[in-house]
file final.cif (mmCIF, C-alpha atoms)
data_target
loop_
_atom_site.label_atom_id
_atom_site.label_comp_id
_atom_site.auth_asym_id
_atom_site.auth_seq_id
_atom_site.Cartn_x
_atom_site.Cartn_y
_atom_site.Cartn_z
CA MET A 3 -54.87 -3.89 -20.03
CA ASP A 4 -55.18 -7.65 -20.40
CA LEU A 5 -52.30 -9.95 -21.27
CA LYS A 6 -53.44 -10.58 -24.85
CA LYS A 7 -53.32 -6.87 -25.62
CA THR A 8 -49.88 -6.56 -23.99
CA VAL A 9 -48.54 -9.45 -26.09
CA LEU A 10 -50.01 -7.90 -29.23
CA ILE A 11 -48.41 -4.55 -28.50
CA ILE A 12 -45.02 -6.17 -27.82
CA LEU A 13 -45.35 -8.25 -31.01
CA THR A 14 -46.11 -5.14 -33.04
CA PHE A 15 -43.17 -3.37 -31.41
CA VAL A 16 -40.85 -6.27 -32.26
CA LEU A 17 -42.02 -6.56 -35.86
CA PHE A 18 -41.66 -2.83 -36.48
CA GLN A 19 -38.35 -2.50 -34.68
CA THR A 20 -36.64 -5.52 -36.17
CA ASN A 21 -36.62 -3.87 -39.59
CA VAL A 22 -34.71 -0.89 -38.34
CA LEU A 23 -32.81 -2.14 -35.32
CA LYS A 24 -29.96 -4.59 -35.08
CA ALA A 25 -29.59 -6.71 -31.96
CA SER A 26 -26.59 -4.62 -30.97
CA ASN A 27 -28.89 -1.60 -30.55
CA GLU A 28 -30.00 -0.93 -27.02
CA CYS A 29 -33.65 -0.41 -26.04
CA PHE A 30 -32.69 1.76 -23.02
CA GLU A 31 -29.00 1.35 -22.18
CA GLY A 32 -28.94 3.49 -19.03
CA ILE A 33 -31.72 1.52 -17.38
CA SER A 34 -30.25 -1.79 -18.57
CA ARG A 35 -26.88 -0.91 -17.07
CA SER A 36 -28.54 -0.10 -13.73
CA ILE A 37 -30.44 -3.39 -13.81
CA PHE A 38 -27.22 -5.18 -14.74
CA ASP A 39 -25.51 -3.69 -11.67
CA PHE A 40 -28.44 -4.83 -9.54
CA ASN A 41 -28.18 -8.35 -11.05
CA MET A 42 -24.43 -8.41 -10.34
CA GLY A 43 -25.21 -7.49 -6.72
CA PHE A 44 -27.79 -10.25 -6.56
CA ASP A 45 -25.23 -12.67 -7.98
CA LYS A 46 -22.57 -11.61 -5.49
CA VAL A 47 -24.82 -11.78 -2.43
CA ILE A 48 -27.10 -14.72 -3.25
CA LEU A 49 -26.53 -16.72 -6.43
CA LYS A 50 -22.75 -17.13 -6.33
CA PRO A 51 -22.55 -18.19 -2.65
CA VAL A 52 -25.42 -20.66 -3.18
CA ALA A 53 -23.74 -22.01 -6.33
CA LYS A 54 -20.43 -22.34 -4.46
CA ALA A 55 -22.15 -24.36 -1.74
CA TYR A 56 -23.93 -26.40 -4.43
CA ASN A 57 -20.55 -27.20 -6.05
CA LYS A 58 -19.46 -28.82 -2.77
CA LEU A 59 -22.26 -31.38 -2.97
CA PRO A 60 -21.35 -34.92 -4.07
CA GLU A 61 -21.06 -35.32 -7.84
CA PRO A 62 -24.09 -37.69 -8.19
CA ILE A 63 -26.38 -35.09 -6.55
CA LYS A 64 -25.14 -32.32 -8.85
CA ASP A 65 -25.40 -34.56 -11.92
CA GLY A 66 -28.89 -35.63 -10.88
CA THR A 67 -30.03 -32.02 -10.42
CA GLY A 68 -28.58 -31.02 -13.79
CA ASN A 69 -30.24 -33.99 -15.49
CA PHE A 70 -33.58 -33.34 -13.77
CA THR A 71 -33.81 -29.66 -14.79
CA SER A 72 -32.50 -30.42 -18.27
CA ASN A 73 -35.13 -33.16 -18.72
CA ILE A 74 -37.92 -30.73 -17.77
CA ALA A 75 -36.52 -28.12 -20.19
CA THR A 76 -36.80 -30.75 -22.97
CA LEU A 77 -40.59 -30.40 -22.72
CA LEU A 78 -40.42 -26.87 -24.13
CA SER A 79 -38.24 -28.07 -27.01
CA ILE A 80 -40.88 -30.49 -28.31
CA PRO A 81 -43.52 -27.92 -29.47
CA ASN A 82 -40.75 -25.65 -30.74
CA PHE A 83 -39.23 -28.39 -32.89
CA VAL A 84 -42.74 -28.97 -34.31
CA LEU A 85 -43.20 -25.23 -34.99
CA GLN A 86 -39.83 -25.19 -36.76
CA GLY A 87 -40.91 -28.14 -38.91
CA ASN A 88 -38.16 -30.29 -37.40
CA LEU A 89 -40.13 -33.49 -36.75
CA LYS A 90 -37.00 -35.56 -36.14
CA GLY A 91 -35.97 -33.11 -33.43
CA ALA A 92 -39.44 -33.31 -31.89
CA GLY A 93 -39.30 -37.13 -31.99
CA ASP A 94 -35.82 -37.22 -30.40
CA ALA A 95 -36.87 -34.74 -27.67
CA SER A 96 -40.04 -36.74 -26.90
CA ALA A 97 -38.09 -40.01 -26.80
CA SER A 98 -35.42 -38.44 -24.59
CA PHE A 99 -38.05 -37.11 -22.15
CA LEU A 100 -39.89 -40.44 -21.98
CA ILE A 101 -36.72 -42.52 -21.52
CA ASN A 102 -35.23 -40.22 -18.87
CA SER A 103 -38.53 -39.83 -16.99
CA THR A 104 -39.00 -43.59 -16.76
CA PHE A 105 -35.69 -45.48 -16.94
CA GLY A 106 -33.87 -42.39 -15.67
CA VAL A 107 -36.06 -42.22 -12.53
CA LEU A 108 -38.01 -38.97 -13.06
CA GLY A 109 -35.15 -37.52 -15.07
CA PHE A 110 -32.43 -37.71 -12.40
CA GLY A 111 -30.52 -40.10 -14.65
CA ASN A 112 -29.73 -39.51 -18.30
CA PRO A 113 -29.95 -42.89 -20.07
CA ALA A 114 -31.15 -41.10 -23.23
CA GLY A 115 -27.85 -39.23 -23.39
CA SER A 116 -25.94 -42.50 -23.08
CA MET A 117 -27.98 -43.75 -26.04
CA GLY A 118 -26.84 -40.75 -28.11
CA LEU A 119 -30.05 -38.72 -27.70
CA ASN A 120 -28.57 -35.35 -26.77
CA VAL A 121 -31.35 -32.89 -27.43
CA GLN A 122 -30.63 -29.28 -28.30
CA LYS A 123 -32.81 -26.93 -26.23
CA GLU A 124 -35.30 -24.87 -28.26
CA ASP A 125 -37.59 -22.02 -27.20
CA VAL A 126 -40.02 -19.64 -28.91
CA GLY A 127 -37.34 -16.96 -29.27
CA GLN A 128 -35.26 -19.43 -31.30
CA THR A 129 -38.33 -20.49 -33.28
CA LEU A 130 -39.09 -16.85 -34.18
CA GLY A 131 -35.42 -16.44 -35.13
CA ALA A 132 -35.63 -19.54 -37.33
CA TYR A 133 -38.57 -17.87 -39.13
CA GLY A 134 -36.39 -14.85 -39.82
CA VAL A 135 -37.70 -12.54 -37.09
CA GLY A 136 -34.81 -10.28 -36.09
CA ALA A 137 -33.68 -9.93 -32.51
CA GLY A 138 -34.92 -6.37 -32.02
CA CYS A 139 -33.27 -4.19 -29.44
CA TYR A 140 -31.31 -5.48 -26.45
CA PHE A 141 -32.08 -4.97 -22.79
CA VAL A 142 -31.50 -6.51 -19.36
CA MET A 143 -34.26 -7.81 -17.10
CA PRO A 144 -34.05 -7.93 -13.30
CA ILE A 145 -32.86 -11.39 -12.13
CA LEU A 146 -33.64 -12.99 -15.53
CA GLY A 147 -30.72 -11.21 -17.21
CA PRO A 148 -29.99 -10.26 -20.83
CA THR A 149 -32.62 -10.51 -23.56
CA THR A 150 -33.86 -8.91 -26.75
CA ALA A 151 -37.35 -7.75 -27.78
CA ARG A 152 -37.85 -10.99 -29.73
CA ASP A 153 -36.58 -13.23 -26.94
CA ALA A 154 -38.69 -11.44 -24.31
CA LEU A 155 -41.78 -12.00 -26.41
CA GLY A 156 -40.64 -15.60 -26.85
CA MET A 157 -40.27 -16.00 -23.10
CA ILE A 158 -43.87 -14.87 -22.51
CA THR A 159 -45.12 -17.22 -25.23
CA ASP A 160 -43.02 -20.08 -23.78
CA SER A 161 -45.22 -20.05 -20.68
CA TYR A 162 -48.27 -20.78 -22.88
CA ILE A 163 -46.81 -23.70 -24.82
CA ASP A 164 -44.37 -25.27 -22.33
CA PRO A 165 -46.18 -28.25 -20.73
CA PHE A 166 -44.22 -27.75 -17.49
CA SER A 167 -45.19 -24.05 -17.26
CA ILE A 168 -48.82 -24.87 -18.05
CA ALA A 169 -48.95 -27.46 -15.27
CA THR A 170 -47.07 -25.40 -12.67
CA TRP A 171 -47.04 -21.63 -13.28
CA ARG A 172 -50.51 -21.63 -14.84
CA GLU A 173 -51.66 -24.41 -12.48
CA LYS A 174 -53.64 -26.17 -15.20
CA ASP A 175 -53.97 -29.90 -15.57
CA PHE A 176 -51.72 -31.15 -18.39
CA LEU A 177 -52.20 -34.80 -19.40
CA GLY A 178 -52.94 -35.63 -15.77
CA ALA A 179 -49.91 -33.73 -14.41
CA SER A 180 -50.37 -30.70 -12.19
CA GLY A 181 -48.34 -28.53 -9.83
CA ASN A 182 -48.10 -24.99 -8.57
CA LYS A 183 -46.02 -21.81 -8.87
CA ILE A 184 -43.65 -22.96 -6.12
CA ASP A 185 -42.76 -26.07 -8.16
CA TYR A 186 -42.07 -23.81 -11.14
CA LEU A 187 -39.88 -21.42 -9.16
CA ALA A 188 -38.04 -24.29 -7.46
CA VAL A 189 -37.10 -25.90 -10.79
CA LYS A 190 -36.10 -22.56 -12.37
CA SER A 191 -33.99 -21.69 -9.30
CA ALA A 192 -32.29 -25.10 -9.40
CA THR A 193 -31.58 -24.57 -13.11
CA ALA A 194 -29.99 -21.19 -12.37
CA VAL A 195 -27.87 -22.53 -9.48
CA ASP A 196 -26.72 -25.53 -11.54
CA PHE A 197 -25.77 -23.25 -14.47
CA ARG A 198 -23.97 -20.77 -12.19
CA GLY A 199 -22.13 -23.61 -10.45
CA ASP A 200 -21.01 -25.10 -13.77
CA ASN A 201 -19.71 -21.73 -14.94
CA MET A 202 -17.95 -20.53 -11.79
CA THR A 203 -14.51 -20.32 -13.44
CA ASN A 204 -15.92 -18.88 -16.68
CA PHE A 205 -17.74 -16.04 -14.88
CA ASP A 206 -14.79 -15.23 -12.62
CA SER A 207 -12.40 -15.20 -15.56
CA LEU A 208 -14.71 -12.99 -17.63
CA GLU A 209 -15.23 -10.55 -14.77
CA LYS A 210 -11.50 -10.31 -14.10
CA ASN A 211 -10.54 -9.72 -17.73
CA SER A 212 -13.26 -7.40 -19.01
CA LEU A 213 -12.87 -3.68 -19.54
CA ASP A 214 -16.66 -3.35 -19.65
CA LEU A 215 -18.41 -6.43 -18.27
CA TYR A 216 -21.86 -5.23 -19.37
CA SER A 217 -20.75 -5.17 -23.03
CA SER A 218 -18.95 -8.51 -22.77
CA MET A 219 -22.08 -10.15 -21.37
CA LYS A 220 -24.19 -8.54 -24.09
CA SER A 221 -21.86 -9.80 -26.82
CA LEU A 222 -21.79 -13.32 -25.37
CA TYR A 223 -25.58 -13.41 -25.02
CA LEU A 224 -26.17 -12.25 -28.61
CA GLN A 225 -23.57 -14.66 -30.02
CA ASP A 226 -25.06 -17.54 -28.05
CA ARG A 227 -28.60 -16.82 -29.30
CA GLU A 228 -27.36 -16.47 -32.89
CA ARG A 229 -25.54 -19.81 -32.60
CA LYS A 230 -28.61 -21.54 -31.14
CA ILE A 231 -30.91 -20.17 -33.84
CA GLN A 232 -28.53 -21.28 -36.59
CA ASN A 233 -27.81 -24.54 -34.75
CA SER A 234 -24.19 -23.98 -35.67
CA SER A 235 -20.95 -22.81 -34.11
CA GLU A 236 -19.57 -21.46 -37.40
CA THR A 237 -18.10 -17.97 -37.12
CA ASN A 238 -18.37 -15.25 -39.74
CA GLU A 239 -15.51 -15.75 -42.20
CA ASP A 240 -16.12 -12.39 -43.95
CA ASP A 241 -15.57 -10.59 -40.70
CA TRP A 242 -11.96 -11.74 -40.59
CA GLY A 243 -11.52 -11.63 -44.36
CA ASN A 244 -12.06 -7.85 -44.28
CA LEU A 245 -8.96 -7.49 -42.16
CA ASP A 246 -6.70 -8.93 -44.85
CA LYS A 247 -8.02 -6.73 -47.66
CA MET B 18 37.86 -7.44 -31.83
CA ARG B 19 36.92 -10.12 -34.34
CA LYS B 20 36.91 -12.73 -31.60
CA LEU B 21 34.71 -10.55 -29.43
CA PHE B 22 32.26 -10.06 -32.29
CA LEU B 23 32.17 -13.82 -32.93
CA LEU B 24 31.56 -14.43 -29.24
CA ILE B 25 28.64 -11.98 -29.16
CA VAL B 26 27.11 -13.50 -32.29
CA THR B 27 27.45 -16.99 -30.80
CA ILE B 28 25.86 -15.94 -27.51
CA VAL B 29 22.96 -14.20 -29.27
CA PHE B 30 22.40 -17.19 -31.55
CA PHE B 31 22.42 -19.74 -28.74
CA ASN B 32 20.24 -17.57 -26.51
CA ASN B 33 17.62 -17.36 -29.22
CA PHE B 34 17.92 -21.04 -29.96
CA ALA B 35 17.56 -21.99 -26.31
CA PHE B 36 14.54 -19.82 -25.55
CA SER B 37 12.63 -19.86 -28.79
CA VAL B 38 10.46 -22.93 -29.26
CA THR B 39 9.39 -23.71 -32.79
CA TYR B 40 6.15 -25.60 -33.09
CA ASN B 41 5.01 -27.84 -35.90
CA SER B 42 3.52 -25.99 -38.90
CA ASN B 43 0.55 -28.38 -39.18
CA PRO B 44 -2.23 -26.35 -37.46
CA GLN B 45 -3.57 -29.31 -35.48
CA ILE B 46 -0.16 -30.39 -34.16
CA PHE B 47 0.80 -26.71 -33.67
CA ILE B 48 -2.14 -26.12 -31.30
CA ASN B 49 -1.57 -29.39 -29.46
CA GLU B 50 2.12 -28.68 -28.86
CA LEU B 51 1.59 -25.04 -27.96
CA VAL B 52 -1.27 -25.54 -25.48
CA ASN B 53 0.38 -28.47 -23.76
CA ASP B 54 3.55 -26.40 -23.49
CA ALA B 55 1.58 -23.54 -21.90
CA ILE B 56 -0.25 -25.86 -19.49
CA LYS B 57 3.04 -27.51 -18.53
CA THR B 58 4.59 -24.11 -17.81
CA LEU B 59 1.63 -22.88 -15.77
CA SER B 60 1.43 -26.03 -13.66
CA ASP B 61 5.19 -26.11 -12.97
CA LYS B 62 5.52 -25.38 -9.24
CA SER B 63 9.28 -24.83 -9.43
CA ILE B 64 9.00 -21.48 -11.24
CA SER B 65 7.57 -18.20 -9.95
CA ASP B 66 4.39 -16.52 -11.25
CA GLU B 67 6.49 -13.77 -12.86
CA GLU B 68 8.60 -16.34 -14.70
CA LYS B 69 5.45 -18.15 -15.82
CA ALA B 70 3.97 -14.91 -17.14
CA ALA B 71 7.21 -14.18 -18.99
CA VAL B 72 7.24 -17.62 -20.66
CA ILE B 73 3.54 -17.37 -21.63
CA SER B 74 4.09 -13.86 -23.02
CA LYS B 75 6.99 -15.12 -25.12
CA ILE B 76 4.99 -18.06 -26.46
CA ALA B 77 2.05 -15.75 -27.24
CA ARG B 78 4.17 -13.06 -28.92
CA GLU B 79 5.63 -15.69 -31.24
CA ASN B 80 2.48 -17.65 -31.98
CA VAL B 81 -0.52 -15.35 -31.68
CA ASP B 82 -1.19 -12.71 -34.32
CA ILE B 83 -1.56 -10.00 -31.66
CA LYS B 84 -1.18 -7.15 -34.15
CA ALA B 85 -4.01 -8.44 -36.38
CA LEU B 86 -6.13 -9.22 -33.34
CA GLY B 87 -5.66 -5.65 -32.10
CA LEU B 88 -6.73 -4.24 -35.47
CA TYR B 89 -9.72 -6.57 -35.71
CA THR B 90 -10.78 -5.67 -32.18
CA LEU B 91 -10.65 -1.96 -32.94
CA GLY B 92 -13.12 -2.36 -35.81
CA ASN B 93 -13.53 0.33 -38.44
CA VAL B 94 -12.16 3.00 -36.12
CA ARG B 95 -8.69 1.74 -37.09
CA LYS B 96 -9.17 3.25 -40.56
CA THR B 97 -9.84 6.74 -39.29
CA ILE B 98 -7.38 7.32 -36.46
CA ASP B 99 -3.95 8.91 -36.53
CA GLU B 100 -0.97 6.58 -37.10
CA ASN B 101 0.73 7.53 -33.82
CA ILE B 102 -2.45 6.87 -31.84
CA LEU B 103 -2.83 3.54 -33.63
CA GLU B 104 0.74 2.61 -32.68
CA ASN B 105 0.07 3.61 -29.07
CA TYR B 106 -3.12 1.52 -29.15
CA GLN B 107 -1.23 -1.50 -30.55
CA ASN B 108 1.37 -1.28 -27.77
CA LEU B 109 -1.27 -1.04 -25.07
CA PHE B 110 -3.38 -3.76 -26.68
CA GLU B 111 -0.42 -6.15 -26.68
CA LYS B 112 0.19 -5.58 -22.97
CA TYR B 113 -3.53 -5.88 -22.21
CA PHE B 114 -3.82 -9.06 -24.29
CA LEU B 115 -0.81 -10.75 -22.68
CA LYS B 116 -1.99 -9.93 -19.17
CA SER B 117 -5.50 -11.14 -19.82
CA LEU B 118 -4.26 -14.27 -21.66
CA THR B 119 -1.99 -15.28 -18.78
CA SER B 120 -4.84 -14.75 -16.34
CA ARG B 121 -7.27 -16.81 -18.44
CA LEU B 122 -4.76 -19.61 -18.99
CA ASN B 123 -4.04 -19.69 -15.26
CA ASP B 124 -7.76 -20.16 -14.59
CA TYR B 125 -7.87 -23.28 -16.75
CA SER B 126 -4.35 -24.67 -16.31
CA GLY B 127 -5.48 -27.42 -13.95
CA ASN B 128 -7.54 -29.03 -16.68
CA LYS B 129 -6.60 -31.64 -19.28
CA PHE B 130 -6.62 -30.60 -22.92
CA GLU B 131 -7.31 -32.64 -26.06
CA VAL B 132 -7.20 -31.74 -29.77
CA LEU B 133 -10.07 -33.35 -31.69
CA GLY B 134 -9.51 -32.40 -35.33
CA SER B 135 -9.28 -29.55 -37.79
CA ASP B 136 -11.16 -27.99 -40.68
CA GLN B 137 -9.42 -25.94 -43.36
CA LYS B 138 -11.77 -23.01 -44.16
CA SER B 139 -9.58 -21.39 -46.82
CA SER B 140 -5.92 -21.03 -47.71
CA ASN B 141 -5.76 -18.39 -44.96
CA TYR B 142 -7.66 -20.08 -42.15
CA THR B 143 -7.88 -23.46 -40.45
CA ILE B 144 -10.14 -24.10 -37.48
CA VAL B 145 -8.66 -26.55 -34.97
CA ASN B 146 -11.25 -28.21 -32.73
CA SER B 147 -10.29 -29.10 -29.18
CA LYS B 148 -11.76 -29.55 -25.72
CA ILE B 149 -10.86 -29.00 -22.11
CA LEU B 150 -11.86 -32.15 -20.31
CA GLU B 151 -14.42 -32.14 -17.51
CA ASN B 152 -13.14 -31.87 -13.96
CA ASN B 153 -14.84 -31.55 -10.56
CA ASN B 154 -16.74 -28.30 -10.92
CA GLN B 155 -16.26 -27.56 -14.58
CA PRO B 156 -18.07 -29.33 -17.40
CA GLU B 157 -16.24 -30.15 -20.62
CA ILE B 158 -15.52 -27.01 -22.69
CA LYS B 159 -15.23 -27.06 -26.49
CA ILE B 160 -12.65 -24.66 -27.87
CA ASP B 161 -12.06 -23.93 -31.56
CA TRP B 162 -8.85 -22.17 -32.54
CA ARG B 163 -8.83 -19.90 -35.58
CA VAL B 164 -5.36 -20.40 -37.05
CA TYR B 165 -4.09 -17.99 -39.70
CA THR B 166 -2.15 -19.99 -42.28
CA LYS B 167 -1.29 -17.43 -44.94
CA ASN B 168 2.33 -18.38 -44.32
CA PRO B 169 1.97 -22.17 -44.13
CA ASN B 170 5.34 -22.48 -42.42
CA LYS B 171 4.39 -20.13 -39.59
CA PRO B 172 0.79 -20.59 -38.41
CA LEU B 173 -0.55 -17.93 -36.05
CA ILE B 174 -3.55 -17.99 -33.69
CA ARG B 175 -6.10 -15.26 -34.33
CA ASP B 176 -9.08 -16.27 -32.22
CA LEU B 177 -10.45 -18.71 -29.67
CA VAL B 178 -14.05 -19.77 -30.03
CA VAL B 179 -15.25 -21.14 -26.69
CA GLU B 180 -18.50 -23.15 -26.95
CA GLY B 181 -19.31 -21.24 -30.15
CA LEU B 182 -18.54 -17.84 -28.64
CA SER B 183 -15.69 -15.90 -30.24
CA LEU B 184 -13.38 -14.18 -27.78
CA ALA B 185 -12.13 -11.80 -30.50
CA ARG B 186 -15.69 -10.79 -31.41
CA THR B 187 -16.59 -10.33 -27.74
CA GLN B 188 -13.53 -8.13 -27.31
CA LYS B 189 -14.37 -6.18 -30.47
CA GLU B 190 -17.94 -5.54 -29.30
CA GLU B 191 -16.72 -4.60 -25.84
CA PHE B 192 -14.33 -2.01 -27.32
CA ALA B 193 -17.03 -0.77 -29.72
CA SER B 194 -19.38 -0.23 -26.80
CA ILE B 195 -16.75 1.79 -24.91
CA LEU B 196 -16.14 3.89 -28.02
CA ASN B 197 -19.86 4.38 -28.75
CA SER B 198 -20.54 5.52 -25.20
CA ASN B 199 -17.74 8.10 -25.46
CA ASN B 200 -18.33 9.74 -28.87
CA ASN B 201 -15.79 7.38 -30.48
CA ASP B 202 -13.01 9.01 -28.46
CA ILE B 203 -10.18 6.48 -28.61
CA LYS B 204 -8.41 8.19 -25.70
CA VAL B 205 -11.08 6.79 -23.36
CA LEU B 206 -10.35 3.27 -24.63
CA LEU B 207 -6.60 3.84 -24.26
CA THR B 208 -7.12 5.01 -20.66
CA LYS B 209 -9.21 1.92 -19.86
CA LEU B 210 -6.47 -0.31 -21.33
CA GLU B 211 -3.82 1.51 -19.25
CA GLU B 212 -5.94 1.07 -16.12
CA PHE B 213 -6.29 -2.66 -16.77
CA ILE B 214 -2.56 -3.09 -17.40
CA SER B 215 -1.58 -1.28 -14.20
CA LYS B 216 -4.12 -3.19 -12.02
#
call {"tool": "encode", "arguments": {"input": "final.cif", "output": "structure tokens"}}
result
Amino acid sequence: MDLKKTVLIILTFVLFQTNVLKASNECFEGISRSIFDFNMGFDKVILKPVAKAYNKLPEPIKDGTGNFTSNIATLLSIPNFVLQGNLKGAGDASASFLINSTFGVLGFGNPAGSMGLNVQKEDVGQTLGAYGVGAGCYFVMPILGPTTARDALGMITDSYIDPFSIATWREKDFLGASGNKIDYLAVKSATAVDFRGDNMTNFDSLEKNSLDLYSSMKSLYLQDRERKIQNSSETNEDDWGNLDK
Amino acid sequence: MRKLFLLIVTIVFFNNFAFSVTYNSNPQIFINELVNDAIKTLSDKSISDEEKAAVISKIARENVDIKALGLYTLGNVRKTIDENILENYQNLFEKYFLKSLTSRLNDYSGNKFEVLGSDQKSSNYTIVNSKILENNNQPEIKIDWRVYTKNPNKPLIRDLVVEGLSLARTQKEEFASILNSNNNDIKVLLTKLEEFISK
């Protein structure tokens, strides 16, 4: 089966399921829990020790790595802002990428941020959410972690519209830039290590204080996606209001 | 006898006065005073961990709406369970909450804290915006406090929203998942709470 057919089947699945499933519904909980355990093992043996070592590096190196990966991620935000009809967002993201890639020395510096251009990251999953496509059911992927049917479809589509993925993973020339799969994996790995290093205390604290870590992670993932789609940190007032009735 | 009674009343009064801290009723100042008090306690090297936990528990019991948080966290199940089981749940939840709160506060006590502003959502709720300042290996963290102001003279904390993620909602969904996986048998949840408390 070719990729187009696979995408079409997944899309159909998402569109049918989103009408009947809420994001809190599991696609296949047993399997997801097993994958989650595998991911926790991977974190314990590889990611966490690497992130701990990374945290010992001098601050300018860590900042530079964070800025570099964040600048590359901005590339994916540009087409998504356009698809969401947010032209100002697309303009800000483009300006941020250009400023950081030039004055910020290939993105290792963040002069755009100092100028007030702090760009929110957007992906196809968020764009679909902005169009009202529901999350579909929830599951966990090996290494990549938690996702939903909509976000998984979004992730596949990201690789077709993200200039960085096109130039590296797909190894196609993009406006004169080209790379290979190793470049792609190196940047994604650096992003993961930087994120894990930044959240060392948060992860440890969550792990220590959870009765069921799998469910806590699921809740945090779904809340985070909801917040990013709505571009807001507002919480549901009705939820609490019900308690006082 | 009368003198003895007077003595006991005086001792009780002064004990309460000495150990009970009353914070400002303005939600923004309330959060600022309370958190700085907690951080000060946790970073005080002259007192033991047990004493620190006792002080934090006292501050939390007086200023966090633990009972409401417990009910919220239990979701709709609270409406269907027996009163005695609910009371047992509330007792266990309080112990669980205090233990987990002390642990979480300990994790972040080395950081500096700053209140940024507040937003009154209704007569019942005000959201206080704050942040934990960046340190070596921890980027800045935004924390919003959901303060219950039904009694304007005695604000109570009901939730912490860390970088847009509600801890109460996370807890609620965690408990719901445990219940769903066990045919909504609350005894399983109570056992898990007991296990956590005795760890």
call {"tool": "residues_around", "arguments": {"input": "final.cif", "residues": "Lys209 in chain B", "least_positions_apart": "5", "cutoff": "9 Å", "atoms": "all atoms listed in the file", "output": "list in words"}}
result
Leu213 of chain A; Lys204 and Ile214 of chain B
call {"tool": "closest_atom_pairs", "arguments": {"input": "final.cif", "of": "chain B", "to": "chain A", "cutoff": "7 Å", "atoms": "only C-alpha atoms", "output": "tab-separated table"}}
result
residue	atom	partner	partner_atom	distance
B:Tyr89	CA	A:Leu245	CA	6.6
B:Ser117	CA	A:Asn211	CA	5.6
B:Arg121	CA	A:Ser207	CA	6.1
B:Asp124	CA	A:Thr203	CA	6.8
B:Asn154	CA	A:Asp200	CA	6.0
B:Gln155	CA	A:Asp200	CA	5.4
B:Pro156	CA	A:Asp200	CA	6.3
B:Gly181	CA	A:Ser235	CA	4.6
B:Leu182	CA	A:Gln225	CA	6.1
B:Thr187	CA	A:Ser221	CA	5.4
B:Glu190	CA	A:Ser221	CA	6.3
B:Glu191	CA	A:Ser217	CA	4.9
B:Ser194	CA	A:Ser217	CA	6.4
B:Lys209	CA	A:Leu213	CA	6.7
call {"tool": "atom_distance", "arguments": {"input": "final.cif", "atom1": "CA of Val195 in chain A", "atom2": "CA of Thr67 in chain A"}}
result
9.8 Å
call {"tool": "resolve_selection", "arguments": {"input": "final.cif", "expression": "the PyMOL selection byres ((chain B and resi 38-45) around 6)", "output": "list of chain:residue names"}}
result
B:Ser37, B:Ile46, B:Phe47, B:Ile48, B:Val145, B:Asn170, B:Lys171
call {"tool": "resolve_selection", "arguments": {"input": "final.cif", "expression": "the PyMOL selection byres ((chain B and resi 158) around 8)", "output": "PyMOL selection string"}}
result
chain B and resi 148-151+156-157+159-160+179-180
call {"tool": "atom_distance", "arguments": {"input": "final.cif", "atom1": "CA of Lys183 in chain A", "atom2": "CA of Pro81 in chain A"}}
result
21.6 Å
call {"tool": "resolve_selection", "arguments": {"input": "final.cif", "expression": "the PyMOL selection byres ((chain A and resi 163-166) around 7)", "output": "number ranges by chain"}}
result
A: 74, 77-78, 159-162, 167-170, 176
call {"tool": "build_atoms", "arguments": {"input": "final.cif", "residues": "range 168-174 of chain A", "atoms": "N, CA, C and O atoms", "output": "mmCIF file, in the frame of the given file"}}
result
data_model
loop_
_atom_site.group_PDB
_atom_site.id
_atom_site.type_symbol
_atom_site.label_atom_id
_atom_site.label_comp_id
_atom_site.auth_asym_id
_atom_site.auth_seq_id
_atom_site.Cartn_x
_atom_site.Cartn_y
_atom_site.Cartn_z
ATOM 1 N N ILE A 168 -47.348 -24.774 -18.084
ATOM 2 C CA ILE A 168 -48.820 -24.870 -18.050
ATOM 3 C C ILE A 168 -49.259 -25.574 -16.763
ATOM 4 O O ILE A 168 -50.167 -25.114 -16.067
ATOM 5 N N ALA A 169 -48.553 -26.668 -16.444
ATOM 6 C CA ALA A 169 -48.950 -27.460 -15.270
ATOM 7 C C ALA A 169 -48.581 -26.792 -13.949
ATOM 8 O O ALA A 169 -49.255 -27.009 -12.943
ATOM 9 N N THR A 170 -47.525 -25.978 -13.948
ATOM 10 C CA THR A 170 -47.070 -25.400 -12.670
ATOM 11 C C THR A 170 -47.421 -23.910 -12.557
ATOM 12 O O THR A 170 -48.271 -23.533 -11.759
ATOM 13 N N TRP A 171 -46.798 -23.077 -13.381
ATOM 14 C CA TRP A 171 -47.040 -21.630 -13.280
ATOM 15 C C TRP A 171 -48.503 -21.276 -13.512
ATOM 16 O O TRP A 171 -49.071 -20.447 -12.835
ATOM 17 N N ARG A 172 -49.104 -21.928 -14.526
ATOM 18 C CA ARG A 172 -50.510 -21.630 -14.840
ATOM 19 C C ARG A 172 -51.469 -22.530 -14.043
ATOM 20 O O ARG A 172 -52.681 -22.366 -14.123
ATOM 21 N N GLU A 173 -50.898 -23.502 -13.355
ATOM 22 C CA GLU A 173 -51.660 -24.410 -12.480
ATOM 23 C C GLU A 173 -52.846 -25.044 -13.189
ATOM 24 O O GLU A 173 -53.955 -25.131 -12.651
ATOM 25 N N LYS A 174 -52.588 -25.490 -14.433
ATOM 26 C CA LYS A 174 -53.640 -26.170 -15.200
ATOM 27 C C LYS A 174 -53.245 -27.630 -15.378
ATOM 28 O O LYS A 174 -52.052 -27.938 -15.522
#
